[in-house]
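**Student:** You'll find entry_23.csv just under this line, and it carries CSV, C-alpha atoms.
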chain,number,residue,atom,x,y,z
A,51,MET,CA,-9.1,-132.8,-133.4
A,52,ILE,CA,-11.7,-135.6,-132.8
A,53,ALA,CA,-9.5,-137.9,-135.0
A,54,ASP,CA,-6.5,-136.8,-132.9
A,55,TRP,CA,-8.3,-137.7,-129.7
A,56,LEU,CA,-9.5,-141.1,-130.9
A,57,LEU,CA,-6.5,-142.3,-133.0
A,58,VAL,CA,-3.4,-140.6,-131.6
A,59,PRO,CA,-4.1,-139.5,-128.0
A,60,ASP,CA,-0.4,-139.4,-127.1
A,61,VAL,CA,0.1,-136.3,-129.3
A,62,LEU,CA,-3.2,-134.7,-128.6
A,63,ARG,CA,-1.7,-131.7,-126.9
A,64,LEU,CA,0.6,-131.0,-129.8
A,65,ALA,CA,-2.2,-131.5,-132.3
A,66,VAL,CA,-4.5,-129.0,-130.4
A,67,TRP,CA,-1.6,-126.5,-130.2
A,68,LEU,CA,-0.9,-126.7,-133.9
A,69,HIS,CA,-4.6,-126.4,-134.7
A,70,CYS,CA,-5.3,-123.4,-132.5
A,71,VAL,CA,-2.0,-121.5,-132.7
A,72,VAL,CA,-0.7,-122.2,-136.2
A,73,VAL,CA,-3.3,-123.6,-138.7
A,74,THR,CA,-6.5,-121.8,-137.7
A,75,PRO,CA,-4.9,-118.3,-137.4
A,76,TRP,CA,-3.2,-118.7,-140.7
A,77,MET,CA,-6.5,-119.8,-142.4
A,78,LEU,CA,-8.1,-116.7,-141.0
A,79,MET,CA,-5.2,-114.5,-142.1
A,80,ALA,CA,-5.3,-116.1,-145.6
A,81,ALA,CA,-9.0,-115.5,-145.9
A,82,TRP,CA,-8.5,-111.8,-144.9
A,83,LEU,CA,-5.7,-111.4,-147.4
A,84,ILE,CA,-7.8,-113.0,-150.2
A,85,SER,CA,-10.6,-110.6,-149.4
A,86,ARG,CA,-8.3,-107.7,-150.2
A,87,ARG,CA,-8.4,-108.9,-153.8
A,88,PRO,CA,-4.7,-109.5,-154.6
A,89,SER,CA,-3.5,-110.7,-158.0
A,90,ALA,CA,-4.6,-114.1,-159.2
A,91,PHE,CA,-1.2,-115.7,-158.5
A,92,VAL,CA,-1.0,-114.3,-155.0
A,93,ARG,CA,-4.6,-115.4,-154.3
A,94,GLU,CA,-4.0,-119.0,-155.4
A,95,CYS,CA,-0.7,-119.1,-153.5
A,96,LEU,CA,-2.6,-118.0,-150.3
A,97,ALA,CA,-5.3,-120.6,-150.9
A,98,ALA,CA,-2.7,-123.3,-151.6
A,99,SER,CA,-0.8,-122.6,-148.4
A,100,VAL,CA,-3.8,-123.7,-146.3
A,101,PRO,CA,-3.9,-127.4,-147.3
A,102,VAL,CA,-0.1,-127.6,-147.3
A,103,LEU,CA,-0.2,-126.3,-143.7
A,104,ILE,CA,-2.9,-128.8,-142.8
A,105,ILE,CA,-1.0,-131.8,-144.2
A,106,LEU,CA,2.2,-130.7,-142.4
A,107,GLN,CA,0.2,-130.6,-139.1
A,108,ILE,CA,-1.3,-134.0,-139.8
A,109,ASP,CA,2.0,-135.6,-140.7
A,110,THR,CA,3.8,-134.0,-137.7
A,111,GLY,CA,1.4,-135.9,-135.4
A,112,PHE,CA,1.6,-139.0,-137.6
A,113,ALA,CA,5.4,-139.0,-137.3
A,114,LEU,CA,5.5,-138.5,-133.6
A,115,THR,CA,2.8,-140.9,-132.4
A,116,VAL,CA,3.3,-144.5,-131.3
A,117,SER,CA,-0.4,-145.2,-131.0
A,118,GLU,CA,-1.8,-148.4,-132.5
A,119,GLY,CA,-4.7,-146.5,-134.1
A,120,ALA,CA,-2.3,-144.3,-136.2
A,121,ALA,CA,-2.7,-146.8,-139.1
A,122,HIS,CA,-6.1,-145.2,-139.7
A,123,TYR,CA,-4.8,-141.7,-139.6
A,124,GLN,CA,-4.8,-141.5,-143.4
A,125,TYR,CA,-8.5,-141.0,-143.2
A,126,VAL,CA,-7.9,-137.4,-142.3
A,127,VAL,CA,-5.5,-137.0,-145.3
A,128,MET,CA,-8.3,-137.8,-147.8
A,129,PRO,CA,-10.6,-134.9,-146.7
A,130,THR,CA,-7.5,-132.6,-147.2
A,131,LEU,CA,-7.2,-133.8,-150.8
A,132,LEU,CA,-10.9,-133.3,-151.3
A,133,TYR,CA,-10.6,-129.7,-149.9
A,134,THR,CA,-7.7,-129.0,-152.2
A,135,ASN,CA,-9.1,-130.4,-155.4
A,136,VAL,CA,-12.9,-130.5,-155.4
A,137,SER,CA,-14.2,-128.2,-152.6
A,138,LEU,CA,-16.1,-125.0,-153.2
A,139,HIS,CA,-12.8,-123.2,-152.8
A,140,ARG,CA,-10.9,-125.6,-155.0
A,141,LEU,CA,-7.6,-124.6,-156.4
A,142,VAL,CA,-7.0,-124.1,-160.1
A,143,PHE,CA,-5.5,-127.2,-161.7
A,144,ARG,CA,-1.9,-126.2,-161.8
A,145,PHE,CA,-1.9,-125.2,-158.1
A,146,ALA,CA,-4.0,-128.2,-157.2
A,147,TRP,CA,-1.5,-130.5,-159.0
A,148,SER,CA,1.4,-128.9,-157.1
A,149,VAL,CA,-0.3,-129.1,-153.7
A,150,THR,CA,-1.4,-132.7,-154.2
A,151,ALA,CA,2.2,-133.6,-155.1
A,152,ILE,CA,3.4,-132.0,-151.9
A,153,ILE,CA,0.8,-133.8,-149.9
A,154,LEU,CA,1.7,-137.2,-151.4
A,155,VAL,CA,5.5,-136.7,-150.9
A,156,CYS,CA,5.1,-135.6,-147.3
A,157,HIS,CA,2.8,-138.5,-146.5
A,158,VAL,CA,4.9,-141.1,-148.3
A,159,VAL,CA,8.0,-140.0,-146.3
A,160,VAL,CA,6.1,-140.2,-143.0
A,161,VAL,CA,4.5,-143.6,-143.7
A,162,LEU,CA,7.7,-145.2,-144.9
A,163,SER,CA,9.6,-143.9,-141.8
A,164,ALA,CA,6.9,-145.1,-139.3
A,165,SER,CA,8.4,-148.2,-137.6
A,166,TYR,CA,5.0,-149.2,-136.1
A,167,LEU,CA,3.4,-149.9,-139.5
A,168,SER,CA,3.8,-153.2,-141.2
A,169,GLY,CA,4.7,-153.4,-144.9
A,170,PRO,CA,1.2,-154.4,-146.1
A,171,VAL,CA,-0.5,-151.7,-144.0
A,172,ALA,CA,1.9,-149.0,-145.2
A,173,THR,CA,1.3,-150.1,-148.8
A,174,MET,CA,-2.5,-150.0,-148.5
A,175,ILE,CA,-2.3,-146.5,-146.9
A,176,LEU,CA,-0.2,-145.2,-149.8
A,177,VAL,CA,-2.4,-146.9,-152.4
A,178,GLN,CA,-5.6,-145.4,-150.9
A,179,VAL,CA,-4.1,-142.0,-150.6
A,180,GLY,CA,-2.7,-142.2,-154.2
A,181,ILE,CA,-6.1,-143.3,-155.6
A,182,CYS,CA,-7.8,-140.4,-153.8
A,183,ALA,CA,-5.3,-138.0,-155.1
A,184,TYR,CA,-5.7,-139.2,-158.7
A,185,ILE,CA,-9.5,-139.2,-158.6
A,186,THR,CA,-9.7,-135.7,-157.1
A,187,LEU,CA,-7.2,-134.3,-159.6
A,188,VAL,CA,-9.2,-135.7,-162.5
A,189,ALA,CA,-12.3,-134.2,-161.0
A,190,ASN,CA,-10.5,-130.8,-160.5
A,191,PHE,CA,-9.3,-130.9,-164.2
A,192,THR,CA,-12.8,-131.8,-165.5
A,193,MET,CA,-14.5,-129.1,-163.4
A,194,GLU,CA,-12.1,-126.5,-164.6
A,195,ARG,CA,-12.4,-127.6,-168.2
A,196,ASP,CA,-16.2,-127.5,-168.0
A,197,LEU,CA,-16.2,-124.1,-166.4
A,198,ARG,CA,-13.9,-122.7,-169.2
A,199,ARG,CA,-16.2,-124.3,-171.8
A,200,ALA,CA,-19.3,-122.9,-170.2
A,201,TYR,CA,-17.7,-119.4,-170.1
A,202,LEU,CA,-16.7,-119.7,-173.8
A,203,TYR,CA,-20.2,-120.8,-174.7
A,204,SER,CA,-21.8,-118.0,-172.8
A,205,LEU,CA,-19.3,-115.5,-174.4
A,206,ARG,CA,-20.2,-116.9,-177.8
A,207,ASP,CA,-23.9,-116.5,-177.1
A,208,ARG,CA,-23.4,-112.9,-176.0
A,209,LEU,CA,-21.3,-112.1,-179.1
A,210,ARG,CA,-24.0,-113.7,-181.3
A,211,HIS,CA,-26.7,-111.7,-179.6
A,212,ALA,CA,-24.6,-108.5,-179.9
A,213,GLN,CA,-24.0,-109.2,-183.6
A,214,ALA,CA,-27.7,-109.9,-184.2
A,215,ASP,CA,-28.6,-106.8,-182.3
A,216,ALA,CA,-26.1,-104.8,-184.3
A,217,ALA,CA,-27.5,-106.3,-187.6
A,218,ALA,CA,-31.0,-105.3,-186.5
A,219,ARG,CA,-29.8,-101.7,-186.3
A,220,ARG,CA,-28.0,-101.7,-189.7
A,221,ASP,CA,-29.0,-101.4,-193.3
A,222,THR,CA,-27.7,-104.5,-195.0
A,223,LEU,CA,-26.9,-102.8,-198.3
A,224,THR,CA,-25.1,-99.6,-197.2
A,225,GLY,CA,-24.0,-100.5,-193.7
A,226,LEU,CA,-25.6,-97.4,-192.3
A,227,ALA,CA,-28.0,-97.3,-189.4
A,228,ASN,CA,-31.6,-98.0,-190.1
A,229,ARG,CA,-34.9,-96.6,-188.9
A,230,HIS,CA,-34.9,-98.7,-185.8
A,231,HIS,CA,-31.6,-97.2,-184.7
A,232,LEU,CA,-32.8,-93.8,-185.6
A,233,ASP,CA,-35.8,-94.2,-183.3
A,234,GLU,CA,-33.6,-95.2,-180.4
A,235,GLU,CA,-31.2,-92.3,-180.9
A,236,LEU,CA,-34.1,-89.8,-181.0
A,237,LEU,CA,-35.5,-91.3,-177.9
A,238,LYS,CA,-32.2,-90.8,-176.1
A,239,LEU,CA,-31.9,-87.2,-177.2
A,240,TRP,CA,-35.5,-86.2,-176.3
A,241,SER,CA,-35.6,-88.2,-173.0
A,242,ALA,CA,-32.3,-86.8,-171.7
A,243,PRO,CA,-32.5,-84.2,-168.8
A,244,LYS,CA,-33.7,-80.9,-170.1
A,245,HIS,CA,-31.1,-78.9,-168.2
A,246,GLY,CA,-28.9,-77.1,-170.7
A,247,ALA,CA,-30.9,-78.6,-173.6
A,248,SER,CA,-29.1,-78.1,-176.9
A,249,PHE,CA,-29.7,-78.0,-180.6
A,250,VAL,CA,-30.3,-81.0,-182.8
A,251,SER,CA,-29.9,-80.7,-186.6
A,252,VAL,CA,-31.4,-83.1,-189.2
A,253,VAL,CA,-30.3,-83.3,-192.8
A,254,MET,CA,-32.5,-85.3,-195.2
A,255,LEU,CA,-31.3,-86.1,-198.7
A,256,ASP,CA,-32.9,-87.8,-201.6
A,257,VAL,CA,-31.0,-89.0,-204.7
A,258,ASP,CA,-32.3,-87.2,-207.8
A,259,ASN,CA,-33.8,-89.2,-210.6
A,260,PHE,CA,-32.9,-92.5,-208.9
A,261,LYS,CA,-35.7,-94.4,-210.5
A,262,ASN,CA,-34.4,-93.4,-214.0
A,263,LEU,CA,-30.9,-94.7,-212.9
A,264,ASN,CA,-32.3,-98.0,-211.9
A,265,ASP,CA,-34.3,-98.4,-215.1
A,266,ARG,CA,-31.4,-97.5,-217.4
A,267,TYR,CA,-28.5,-99.2,-215.6
A,268,GLY,CA,-30.2,-101.9,-213.5
A,269,HIS,CA,-30.6,-102.4,-209.8
A,270,GLY,CA,-26.9,-103.4,-209.4
A,271,ALA,CA,-25.8,-100.0,-210.5
A,272,GLY,CA,-28.4,-98.5,-208.2
A,273,ASP,CA,-27.1,-100.4,-205.2
A,274,LEU,CA,-23.5,-99.4,-206.0
A,275,CYS,CA,-24.7,-95.7,-206.2
A,276,LEU,CA,-26.3,-96.0,-202.8
A,277,LYS,CA,-23.2,-97.5,-201.3
A,278,ARG,CA,-21.0,-94.7,-202.6
A,279,ILE,CA,-23.3,-92.1,-201.3
A,280,ALA,CA,-23.4,-93.9,-197.9
A,281,ALA,CA,-19.5,-93.7,-197.9
A,282,THR,CA,-19.7,-90.0,-198.6
A,283,LEU,CA,-22.1,-89.5,-195.6
A,284,ILE,CA,-19.9,-91.5,-193.3
A,285,ALA,CA,-16.9,-89.4,-194.2
A,286,GLU,CA,-18.7,-86.2,-193.1
A,287,LEU,CA,-19.6,-87.5,-189.6
A,288,ARG,CA,-17.9,-85.6,-186.9
A,289,GLY,CA,-17.7,-88.4,-184.3
A,290,ALA,CA,-19.6,-91.1,-182.5
A,291,GLY,CA,-22.5,-88.7,-181.7
A,292,ASP,CA,-23.4,-88.2,-185.3
A,293,HIS,CA,-25.5,-90.8,-187.2
A,294,ALA,CA,-26.0,-91.5,-190.8
A,295,ILE,CA,-29.3,-93.4,-191.5
A,296,ARG,CA,-30.8,-94.9,-194.6
A,297,TYR,CA,-34.2,-93.5,-194.2
A,298,GLY,CA,-35.8,-95.5,-196.9
A,299,GLY,CA,-35.2,-96.4,-200.6
A,300,GLU,CA,-32.9,-93.6,-202.0
A,301,GLU,CA,-33.5,-91.3,-199.0
A,302,PHE,CA,-30.9,-90.8,-196.3
A,303,LEU,CA,-30.9,-88.8,-193.0
A,304,LEU,CA,-28.1,-87.3,-190.9
A,305,LEU,CA,-28.8,-86.8,-187.2
A,306,LEU,CA,-26.4,-84.2,-185.9
A,307,PRO,CA,-26.7,-83.4,-182.1
A,308,GLN,CA,-25.0,-80.3,-180.7
A,309,LEU,CA,-25.1,-78.6,-184.1
A,310,GLN,CA,-26.8,-75.4,-185.2
A,311,LEU,CA,-28.7,-74.8,-188.4
A,312,VAL,CA,-25.9,-72.9,-190.3
A,313,ASP,CA,-23.3,-75.5,-189.6
A,314,ALA,CA,-25.7,-78.3,-190.7
A,315,VAL,CA,-26.3,-76.4,-193.9
A,316,ARG,CA,-22.6,-76.2,-194.5
A,317,ILE,CA,-22.2,-80.0,-194.0
A,318,ALA,CA,-25.1,-80.6,-196.4
A,319,GLU,CA,-23.5,-78.4,-199.0
A,320,ARG,CA,-20.2,-80.3,-198.7
A,321,ILE,CA,-22.0,-83.6,-199.2
A,322,ARG,CA,-23.9,-82.2,-202.2
A,323,ARG,CA,-20.7,-81.2,-203.9
A,324,ALA,CA,-18.9,-84.4,-203.0
A,325,ILE,CA,-21.8,-86.5,-204.6
A,326,GLU,CA,-21.7,-84.3,-207.7
A,327,GLN,CA,-18.0,-84.4,-208.0
A,328,ALA,CA,-18.0,-88.2,-207.7
A,329,GLU,CA,-19.5,-88.1,-211.2
A,330,ILE,CA,-21.5,-91.3,-210.8
A,331,PRO,CA,-23.0,-91.8,-214.3
A,332,ASN,CA,-26.8,-91.1,-214.8
A,333,GLU,CA,-27.4,-90.1,-218.4
A,334,SER,CA,-31.1,-90.0,-217.7
A,335,SER,CA,-30.6,-87.2,-215.2
A,336,ASP,CA,-31.2,-83.6,-216.1
A,337,GLN,CA,-28.3,-82.6,-213.8
A,338,GLY,CA,-25.4,-82.9,-216.2
A,339,GLY,CA,-25.6,-86.7,-216.7
A,340,VAL,CA,-24.3,-87.5,-213.2
A,341,VAL,CA,-25.9,-88.5,-209.9
A,342,THR,CA,-26.9,-85.6,-207.7
A,343,ALA,CA,-28.9,-85.2,-204.5
A,344,SER,CA,-31.3,-82.7,-203.0
A,345,PHE,CA,-31.1,-81.8,-199.3
A,346,GLY,CA,-33.4,-80.4,-196.6
A,347,VAL,CA,-32.1,-79.1,-193.3
A,348,ALA,CA,-33.8,-78.3,-190.1
A,349,ALA,CA,-32.7,-77.7,-186.5
A,350,CYS,CA,-34.3,-77.1,-183.2
A,351,ASN,CA,-33.8,-77.0,-179.5
A,352,VAL,CA,-35.0,-80.3,-178.1
A,353,THR,CA,-37.4,-78.5,-175.7
A,354,ALA,CA,-39.2,-76.7,-178.5
A,355,LEU,CA,-40.2,-79.4,-181.0
A,356,SER,CA,-40.7,-83.1,-180.9
A,357,ALA,CA,-38.4,-85.4,-183.0
A,358,THR,CA,-41.3,-86.1,-185.3
A,359,GLU,CA,-41.9,-82.4,-186.0
A,360,LEU,CA,-38.2,-81.8,-186.6
A,361,ILE,CA,-38.0,-84.6,-189.2
A,362,ALA,CA,-41.2,-83.3,-190.8
A,363,ALA,CA,-39.5,-79.8,-191.1
A,364,ALA,CA,-36.4,-81.4,-192.7
A,365,ASP,CA,-38.7,-83.4,-195.1
A,366,SER,CA,-40.6,-80.2,-196.0
A,367,ALA,CA,-37.3,-78.4,-196.7
A,368,LEU,CA,-36.2,-81.3,-198.9
A,369,TYR,CA,-39.5,-81.0,-200.9
A,370,VAL,CA,-38.7,-77.3,-201.5
A,371,ALA,CA,-35.2,-78.2,-202.7
A,372,LYS,CA,-36.6,-80.7,-205.2
A,373,MET,CA,-39.4,-78.4,-206.4
A,374,ARG,CA,-36.8,-75.6,-207.0
A,375,GLY,CA,-34.8,-77.7,-209.4
A,376,ARG,CA,-33.0,-80.5,-207.4
A,377,ASN,CA,-29.3,-80.7,-206.7
A,378,GLN,CA,-29.4,-78.1,-204.0
A,379,VAL,CA,-29.7,-77.5,-200.2
A,380,TRP,CA,-32.6,-75.8,-198.6
A,381,PRO,CA,-32.3,-73.4,-197.0
A,382,PRO,CA,-29.4,-72.4,-199.4
A,383,LEU,CA,-26.1,-71.5,-197.7
A,384,ALA,CA,-25.1,-68.5,-199.8
A,385,ALA,CA,-28.4,-66.6,-199.5
A,386,ALA,CA,-29.6,-67.9,-196.1
A,387,GLU,CA,-26.8,-67.2,-193.5
A,388,GLU,CA,-28.4,-64.0,-192.5
A,389,ARG,CA,-31.8,-65.5,-192.3
A,390,CYS,CA,-30.4,-68.5,-190.4
A,391,ALA,CA,-28.7,-66.2,-187.9
A,392,SER,CA,-32.0,-64.4,-187.3
A,393,LEU,CA,-33.7,-67.8,-186.8
A,394,LEU,CA,-31.0,-68.8,-184.4
A,395,ALA,CA,-31.5,-65.6,-182.4
A,396,GLU,CA,-35.1,-66.7,-181.9
A,397,VAL,CA,-34.0,-69.9,-180.3
A,398,GLY,CA,-33.1,-68.1,-177.1
A,399,SER,CA,-36.7,-67.1,-176.8
A,400,GLY,CA,-37.9,-70.6,-177.6
A,401,ARG,CA,-39.7,-69.5,-180.9
A,402,GLN,CA,-37.2,-70.8,-183.5
A,403,CYS,CA,-38.6,-74.2,-184.1
A,404,SER,CA,-42.2,-73.3,-184.6
A,405,THR,CA,-41.3,-70.2,-186.7
A,406,ALA,CA,-38.9,-72.2,-188.9
A,407,LEU,CA,-41.5,-74.9,-189.4
A,408,ARG,CA,-44.1,-72.4,-190.5
A,409,GLN,CA,-41.7,-70.7,-192.9
A,410,ILE,CA,-40.7,-74.0,-194.4
A,411,CYS,CA,-44.4,-75.0,-194.9
A,412,ALA,CA,-45.0,-71.6,-196.5
A,413,GLU,CA,-42.2,-72.3,-199.0
A,414,VAL,CA,-43.8,-75.7,-199.8
A,415,VAL,CA,-47.1,-74.0,-200.5
A,416,ASN,CA,-45.4,-71.4,-202.7
A,417,ALA,CA,-43.4,-74.1,-204.6
A,418,ARG,CA,-46.6,-76.0,-205.3
Written as structure tokens, that's how I'd like the structure from this file.

**Tutor:**
Amino acid sequence: MIADWLLVPDVLRLAVWLHCVVVTPWMLMAAWLISRRPSAFVRECLAASVPVLIILQIDTGFALTVSEGAAHYQYVVMPTLLYTNVSLHRLVFRFAWSVTAIILVCHVVVVLSASYLSGPVATMILVQVGICAYITLVANFTMERDLRRAYLYSLRDRLRHAQADAAARRDTLTGLANRHHLDEELLKLWSAPKHGASFVSVVMLDVDNFKNLNDRYGHGAGDLCLKRIAATLIAELRGAGDHAIRYGGEEFLLLLPQLQLVDAVRIAERIRRAIEQAEIPNESSDQGGVVTASFGVAACNVTALSATELIAAADSALYVAKMRGRNQVWPPLAAAEERCASLLAEVGSGRQCSTALRQICAEVVNAR
């Protein structure tokens, strides 16, 4: 309005009316509508309507004035182009290109129809506005391209970080989770709110006579054996809450939340049979010339034992299974269901974990 007052005072009243009654209210309305988070297309259309309305207001005054200072009125067109293409609320390029074309067409029509402008003056006005439009469009395109590239680079870096983080949690040979991942999952289970705390079962297994297999067939055959066993373990997982971990060397561990002891023993028995029925050759084994595995199972309520004590119980059960002849699950399913049921009954009183641990340790002593 300062430019209207200085350059085209004969249409000042009209300019003030358009500013205060049309342009400014619509700018406020558009800002409110954009704050309602419409779709991207509607948002950009609302934003694009503001500079279009501004240039129509400017060119209305430019077309109606007869003031000698109107030749300098193009100076208020250039800030409109800057607002459209390179301001903080700049339009995306396809909208910026369309609005810039509308601005140029409107202004060219008004300038060419103004009888009070000489040919050279009109030409310079159009050249200056055209140069401003071109430069701001190039700037808009460059800024949008750089923003897209920056987003893609940041996305690439996040993906690389996620891949590196996932690789740090995985065993490179078998693809199973590693000890680092196990520690994180145990921390989650034991740090969760204790209201309605539930069972956690652990199954530990060790490949029988694995050193003999490596010595007879080579490390390549040993690696292939571990991969096949890992695939068998993955097939027995119930869902995303279960985890199969390569615990170390030829030892594996299953972490089974929300599962009681009897059910964990059944899973271990299915895995034992699957490994035996796979008939992976191991002529140096005393278990029928095929690869077998021994299993130790333990379960507890998370409020009764620590994660370390639970894993120690499963490891002790595994030791009993190996001392009793390998290729078996301890406690055995066929003979232990009644015993497991009694142990589970003790869970309600909070005694199961310590009792089971003492019994397993006693079995270890007897086996030795």

**Student:** Rounded to one decimal in Å, what is the spacing between CA of Leu306 (chain A) and CA of Asp292 (chain A)?

**Tutor:** 5.0 Å

**Student:** Which region 284-325 of chain A residues have any atom within 6 Å of an atom of region 242-264 of chain A, and for each, what is the nearest pair of atoms with distance in Å to one decimal, counting only C-alpha atoms, rows sorted by chain and number, as a Markdown table?

**Tutor:**
| residue | atom | partner | partner_atom | distance |
| --- | --- | --- | --- | --- |
| A:Glu300 | CA | A:Val257 | CA | 5.7 |
| A:Glu301 | CA | A:Asp256 | CA | 4.4 |
| A:Phe302 | CA | A:Leu255 | CA | 5.3 |
| A:Leu303 | CA | A:Met254 | CA | 4.4 |
| A:Leu304 | CA | A:Val253 | CA | 4.9 |
| A:Leu305 | CA | A:Val252 | CA | 4.9 |
| A:Leu306 | CA | A:Ser251 | CA | 5.0 |
| A:Pro307 | CA | A:Val250 | CA | 4.4 |
| A:Gln308 | CA | A:Phe249 | CA | 5.2 |
| A:Leu309 | CA | A:Ser251 | CA | 5.8 |

**Student:** Which of these, A:Phe112, A:Trp380, A:Tyr369, A:Trp76, has the shortest distance to Ser99 (chain A) once you count all atoms listed in the file?

**Tutor:** A:Trp76

**Student:** Do you have the CA of Gln107 (chain A)-CA of Leu162 (chain A) distance handy?

**Tutor:**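 These atoms are spaced 17.4 Å apart.
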
**Student:** Which is closest to Arg323 (chain A) among A:Ala217, A:Trp67, A:Ile279, A:Asp207, if we use all atoms listed in the file?

**Tutor:**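 Looking only at the distances to Arg323 (chain A), the closest residue turns out to be A:Ile279.
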